[in-house]
Amino acid sequence: VQLVESGGGLVQPGGSLRLSCAASGFTFSRYAMNWHRQAPGKERELVAVITSISSSTYYPDSVKGRFTISRDNAKNTVYLQMNSLKPEDTAVYYCKVNVNRNDYWGQGTQVTVSS
């Protein structure tokens, strides 16, 4: 299993970024995919989930209405569209999948929201 995130960077408050996570080594369409983030000195937190079959989504209140998770099963890729970014969204963002009861993480991509 391999997950590779991309798309992070520096953005001003109120701006937008789109993160991508390219997956390989497993049957992507069969698995739910998660995005998490970890800010300095804080625990890693879940920010979005997308299921496999119905592509249902879940967001915590901290990002609901601003972040959108989506997937392209033909490209084995999951996305995180982030709008109306705030300084408190600054973190390393990771995608994650659980395959055969094992969690697999990407290397992360840094998102910095600052003026």
# chains A, B, ... in the order shown; residues from 1 in each chain; ligands from 1
$ residues_around --residues "Lys96 (chain A)" --least-positions-apart "4" --cutoff "7 Å" --atoms "only C-alpha atoms" --output "number ranges by chain"
A: 33-35, 103-106
$ residues_around --residues "Lys75 (chain A)" --least-positions-apart "6" --cutoff "10 Å" --atoms "only C-alpha atoms" --output "ChimeraX atom specification"
/A:22-24,28-29
$ residues_around --residues "Ser52 (chain A)" --least-positions-apart "6" --cutoff "7 Å" --atoms "only C-alpha atoms" --output "MDAnalysis selection string"
chainID A and resid 29:32
$ write_last_selection --atoms "N, CA, C and O atoms" --output "PDB file, in the first residue's frame"
ATOM      1  N   SER A  29     -11.113   1.334  -5.014  1.00  0.00           N
ATOM      2  CA  SER A  29     -12.553   1.577  -5.026  1.00  0.00           C
ATOM      3  C   SER A  29     -13.275   0.855  -3.888  1.00  0.00           C
ATOM      4  O   SER A  29     -14.414   1.211  -3.573  1.00  0.00           O
ATOM      5  N   ARG A  30     -12.656  -0.114  -3.283  1.00  0.00           N
ATOM      6  CA  ARG A  30     -13.311  -0.919  -2.255  1.00  0.00           C
ATOM      7  C   ARG A  30     -13.170  -0.350  -0.841  1.00  0.00           C
ATOM      8  O   ARG A  30     -13.746  -0.889   0.102  1.00  0.00           O
ATOM      9  N   TYR A  31     -12.388   0.715  -0.694  1.00  0.00           N
ATOM     10  CA  TYR A  31     -12.049   1.179   0.651  1.00  0.00           C
ATOM     11  C   TYR A  31     -12.425   2.628   0.891  1.00  0.00           C
ATOM     12  O   TYR A  31     -12.274   3.491   0.008  1.00  0.00           O
ATOM     13  N   ALA A  32     -12.904   2.873   2.121  1.00  0.00           N
ATOM     14  CA  ALA A  32     -13.094   4.250   2.555  1.00  0.00           C
ATOM     15  C   ALA A  32     -11.738   4.926   2.681  1.00  0.00           C
ATOM     16  O   ALA A  32     -10.730   4.276   2.987  1.00  0.00           O
TER      17      ALA A  32
END
$ closest_residue --among "A:Val99, A:Gln38, A:Ala48, A:Val1" --to "Val78 (chain A)" --atoms "only C-alpha atoms"
A:Ala48
$ closest_residue --among "A:Lys86, A:Arg71, A:Arg101, A:His36" --to "Ile53 (chain A)" --atoms "only C-alpha atoms"
A:Arg71
$ residues_around --residues "Pro60 (chain A)" --least-positions-apart "2" --cutoff "9 Å" --atoms "only C-alpha atoms" --output "CSV table (one decimal) with N, CA, C and O atoms, in the first residue's frame"
chain,number,residue,atom,x,y,z
A,46,LEU,N,-9.0,13.9,12.7
A,46,LEU,CA,-9.7,13.5,11.4
A,46,LEU,C,-10.4,14.8,10.9
A,46,LEU,O,-11.0,15.5,11.6
A,47,VAL,N,-10.3,15.0,9.6
A,47,VAL,CA,-11.0,16.1,9.0
A,47,VAL,C,-12.0,15.7,7.9
A,47,VAL,O,-12.8,16.5,7.5
A,48,ALA,N,-11.9,14.5,7.3
A,48,ALA,CA,-12.8,14.1,6.3
A,48,ALA,C,-12.8,12.6,6.1
A,48,ALA,O,-11.7,12.0,6.1
A,58,TYR,N,-18.2,12.5,5.6
A,58,TYR,CA,-18.3,12.9,7.0
A,58,TYR,C,-17.2,14.0,7.3
A,58,TYR,O,-16.1,13.9,6.8
A,62,SER,N,-15.4,21.5,12.8
A,62,SER,CA,-14.3,22.4,12.6
A,62,SER,C,-14.1,22.7,11.1
A,62,SER,O,-13.6,23.8,10.8
A,63,VAL,N,-14.5,21.8,10.2
A,63,VAL,CA,-14.2,22.1,8.8
A,63,VAL,C,-15.5,22.0,7.9
A,63,VAL,O,-15.5,22.2,6.7
A,64,LYS,N,-16.6,21.6,8.6
A,64,LYS,CA,-17.9,21.4,7.8
A,64,LYS,C,-18.3,22.7,7.1
A,64,LYS,O,-18.2,23.7,7.7
$ closest_residue --among "A:Tyr94, A:Glu43, A:Ser54, A:Ala74" --to "Val111 (chain A)" --atoms "only C-alpha atoms"
A:Tyr94
$ select_by_dssp --residues "chain A" --states "helix (DSSP H, G or I)" --output "list in words"
Phe28, Ser29, Arg30, Pro87, Glu88 and Asp89 of chain A
$ atom_distance --atom1 "CA of Lys42 (chain A)" --atom2 "CA of Ser55 (chain A)"
29.1 Å
